[in-house]
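**Student:** This is the structure I have questions about; it appears just below.
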Amino acid sequence: MTFLHLRRLGLLTIATLLLLAGKLTAQTPEWTSIATDPERDGMYSGVLDGKELWYWYDQDLDNIVFKVDVYGTIDPNTIGINIVMNIPGDPTVASWWGANSSFRFNRLVTLWITGTPPSDYSGTVGICNAAGAQAMNYMNLARGNIGIAVQPGTSSYVFSFPREDLISDELLEAGPVNISAIAAVGTNQFWNDDIPDNGSGMMVLEKAEEEMFPDIQLSNSALNFDQTNVGDRTDRTFTISNTGEAILLVEDMAIEGDGVDQFSLIDSAPFEIEVGESRQVTVSFLPQGEGEFDAKILIVSNVPAPGNVQEITLSGTGAVEEIDPPAITLLAATMDFGSLMAGESRTQSFEVFNTGGSTLIVNNITIRGEGSEFFTLDSPAQFTVEPANSAQVSITFAPTIAIETLSEVVIESNAPEPDNSVVLSMTGVGLVETGVRPELIVENNFAVYPNPAHNDVNISCSLKTGGDVTLRIFDQRGRVLHTAPLGYRAPGEFNHRLNLDEANLTGAMLLLQLDIDHKPAATVTFMVH
């Protein structure tokens, strides 16, 4: 029942297999205990005494890893370990020849080697089936493809080999594989102890679920905004597509570089993109000054590194556009409102045209000149007119006295000086009605005495009808100098005394008008000296 099958291994091969004090994987093993064995139950004392058998399926590397613990410390110069297994699907089995003789196996992993670390080793390292074991060909399935980690001064051997050397892809694809297993320890010359001595442990190998990852694809690696006028905005778009197998999470998008202040992202992260879907992102270029500007967009996602950070370069030129200034134009130079009786009004309009190349801003309209108080601006004094357009301005003339006006409208704008303002002349005549209405004529003469008057004047008349009486005094131009509302007067005689000083009437030829119910009834001329 010995396992002597010495074969001198090449130095290069054994150096690859034996990793003294090394690691077989970058991952932290997740060990599962298969079986344990009591102390001092081996055939010989002073030889390896089995304690516990562990396994781990490293799905990342698709490797099977075993760890064999012994009582006491290991001897790195002599390694004698067998892993004995029964794998489903292979009916040809053999009986184990150690203490656990009831165990039936169809796979045997053998490590029976001796020598001086790290490279002067000889022995047998391989995997065989039951037929190979019976023929003492312990490497008929695989040879030398085993990594070994030996740490002097410890109590564990760790070794690893590719899963495909033990179990086919077809068997693993069919579902979880349950494998009965025991371990045997000793020297490179003979067997000494089983883990366990009766029964077996069970290890389960299951195909790792393939992890799905997103993948990112950008429609553009660079965006060129060409020439954009300072203060204007140019937009460009690019598309982010998820060409992977899991949801793409765009965690962050940021603009960096010297021209960072000239570019902006309309869209913001984070956001998700489903498998096979895309999302469009808009970038704006708003130059604040003249010159060439460069920047870049960094897009950070959950794609595995190094593809998790993508970059799009940005470039654009800020320019100053030569723009034609506005120009203000009136088609007419004058506007005549004609003659109106006092108390009447007339409204007329004119057009303000913008014959320039940019927006015309009218910032003030004023009316000035003789009689300007009888004109009213009916339109806003501030407005804008786009190129090749016009705006209407309306003005009302409403005289209250007899007057011939000579006024003008001044329109000020943002057009370049000296053509920033235009003037429109306005004329109009105000008339005062002094005739007597026949139906209101007084019975006797409407009299003023003394005439000429000096300090006081007496006014007398005989009313044909009663009514609300008002006396008004006009100068020769028709302007109202004094108004005296006398209230209701009954038909018949009435008198009124007027103090000329109090009325602030000085030497002149004046017209006295009698109004009944706000309608002229009689007039008389008198002199003040």
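Chains: A, B, ... in order of the structure tokens. Residues: from 1 per chain. Ligands: from 1, in order shown.
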Hey, which bits of stretch 358-392 of chain A sit within 10 Å of stretch 334-350 of chain A, and for each residue what's the closest pair of atoms and how far apart in Å (one decimal), counting only C-alpha atoms, rows by chain and increasing number, as CSV?
**Tutor:**
residue,atom,partner,partner_atom,distance
A:Phe374,CA,A:Ser345,CA,9.4
A:Phe375,CA,A:Thr347,CA,9.4
A:Thr376,CA,A:Thr347,CA,9.1
A:Leu377,CA,A:Thr347,CA,9.6
A:Asp378,CA,A:Thr347,CA,8.7
A:Ser379,CA,A:Ser349,CA,9.5
A:Ser390,CA,A:Phe350,CA,9.9
A:Ala391,CA,A:Phe350,CA,8.5
A:Gln392,CA,A:Phe350,CA,5.8
**Student:** Ranking A:Thr317, A:Ser394, A:Asn178, A:Ser425 by minimum distance to A:Gly369 and counting only C-alpha atoms, which one comes first?
**Tutor:**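 That would be A:Ser425, the residue with the smallest distance to A:Gly369.
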**Student:** Quick one: pull the distance between atom CA of A:Gly126 and atom CA of A:Phe103, Å, one decimal.
**Tutor:**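 Computed distance, atom CA of A:Gly126 to atom CA of A:Phe103, equals 20.5 Å.
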**Student:** Which one is closest to A:His496: A:Thr525, A:Ser33, A:Ser460, A:Asn364? Count only C-alpha atoms.
**Tutor:**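 So, comparing all the options, the nearest one is A:Ser460.
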**Student:** Can you pull out every residue within 6 Å of A:Ser315, counting only C-alpha atoms, but drop anything in the same chain fewer than 6 positions away, and send it as a list in words?
**Tutor:** Asn224, Phe293 and Asp294 of chain A
**Student:** Quick one: residues within 12 Å of A:Leu265, only C-alpha atoms, excluding same-chain residues fewer than 3 positions away - as a list in words?
**Tutor:** Thr234, Asp235, Arg236, Thr237, Phe238, Asp252, Met253, Ala254, Ile255, Glu256, Val260, Asp261, Gln262, Ser268, Ala269, Gln280, Val281, Thr282, Val283, Ser284, Phe285, Leu286, Lys296, Ile297, Leu298, Ile299 and Leu314 of chain A
**Student:** Please, which residues of stretch 106-152 of chain A, numbered as in this document, come out alpha helix (DSSP H) from DSSP, as a count of residues only?
**Tutor:** 5
**Student:** Identify all residues of stretch 217-392 of chain A in strand (DSSP E or B) (DSSP on the backbone) and supply them as a VMD selection string.
**Tutor:** chain A and resid 217 to 218 222 to 229 234 to 242 248 to 256 263 to 265 271 to 273 278 to 285 291 to 301 309 to 319 328 to 330 334 to 341 346 to 354 360 to 370 375 to 377 383 to 385 390 to 392
**Student:** Determine, counting only C-alpha atoms, which protein, DNA and RNA residues have an atom within 6 Å of an atom of A:Asp37; residues of the same chain fewer than 3 positions away are not included. Present the result as a short mmCIF file (atom, residue, chain, number, x, y, z; two decimals) with N, CA, C and O atoms, in the first residue's frame.
**Tutor:**
data_model
loop_
_atom_site.label_atom_id
_atom_site.label_comp_id
_atom_site.auth_asym_id
_atom_site.auth_seq_id
_atom_site.Cartn_x
_atom_site.Cartn_y
_atom_site.Cartn_z
N LYS A 51 -5.77 16.13 10.13
CA LYS A 51 -6.66 16.82 11.06
C LYS A 51 -7.98 17.24 10.40
O LYS A 51 -9.05 16.94 10.91
N ILE A 195 -8.42 11.26 6.26
CA ILE A 195 -9.37 12.24 6.82
C ILE A 195 -10.66 12.09 6.02
O ILE A 195 -10.71 12.52 4.85
N PRO A 196 -11.71 11.43 6.55
CA PRO A 196 -11.78 10.72 7.84
C PRO A 196 -11.46 9.25 7.63
O PRO A 196 -11.28 8.80 6.50
#
**Student:** Would you work out the distance separating atom CA of A:Asn504 from atom CA of A:Ala398, expressed in Å to one decimal?
**Tutor:**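 Those two atoms sit 26.4 Å apart.
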**Student:** For A:Phe397, which of A:Val422, A:Ala522, A:Ile367, A:Ala142 is the closest residue, counting only C-alpha atoms?
**Tutor:** A:Ile367
**Student:** Could you tell me which of A:Ile240, A:Met136, A:Leu471, A:Val303 comes closest to A:Leu512 if we count only C-alpha atoms?
**Tutor:**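 Result for the nearest residue to A:Leu512: A:Leu471.
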**Student:** Quick one: residues within 9 Å of A:Asn451, only C-alpha atoms counted, chain neighbours fewer than 4 positions away excluded, as JSON, numbers by chain?
**Tutor:** {"A": [457, 525, 526, 527, 528]}
**Student:** Between A:Ile516, A:Val109, A:Ile216, A:Ile81, which one has atoms that come closest to A:Ile64, using only C-alpha atoms?
**Tutor:**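 Smallest separation from A:Ile64 among the options: A:Val109.
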**Student:** Please determine, counting only C-alpha atoms, which residue among A:Val65, A:Leu172, A:Ile182, A:Ile74 has the shortest atom-to-atom distance to A:Arg107.
**Tutor:** A:Ile182
**Student:** Take atom CA of A:Thr400 and atom CA of A:Pro485 and report the distance between them in Å, one decimal.
**Tutor:**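 Pair atom CA of A:Thr400 / atom CA of A:Pro485 returns 17.8 Å.
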**Student:** Skip A:Glu170 itself and residues of its chain fewer than 5 positions away, then list as number ranges by chain all residues within 12 Å of it, counting only C-alpha atoms.
**Tutor:** A: 89, 164, 175-177, 207
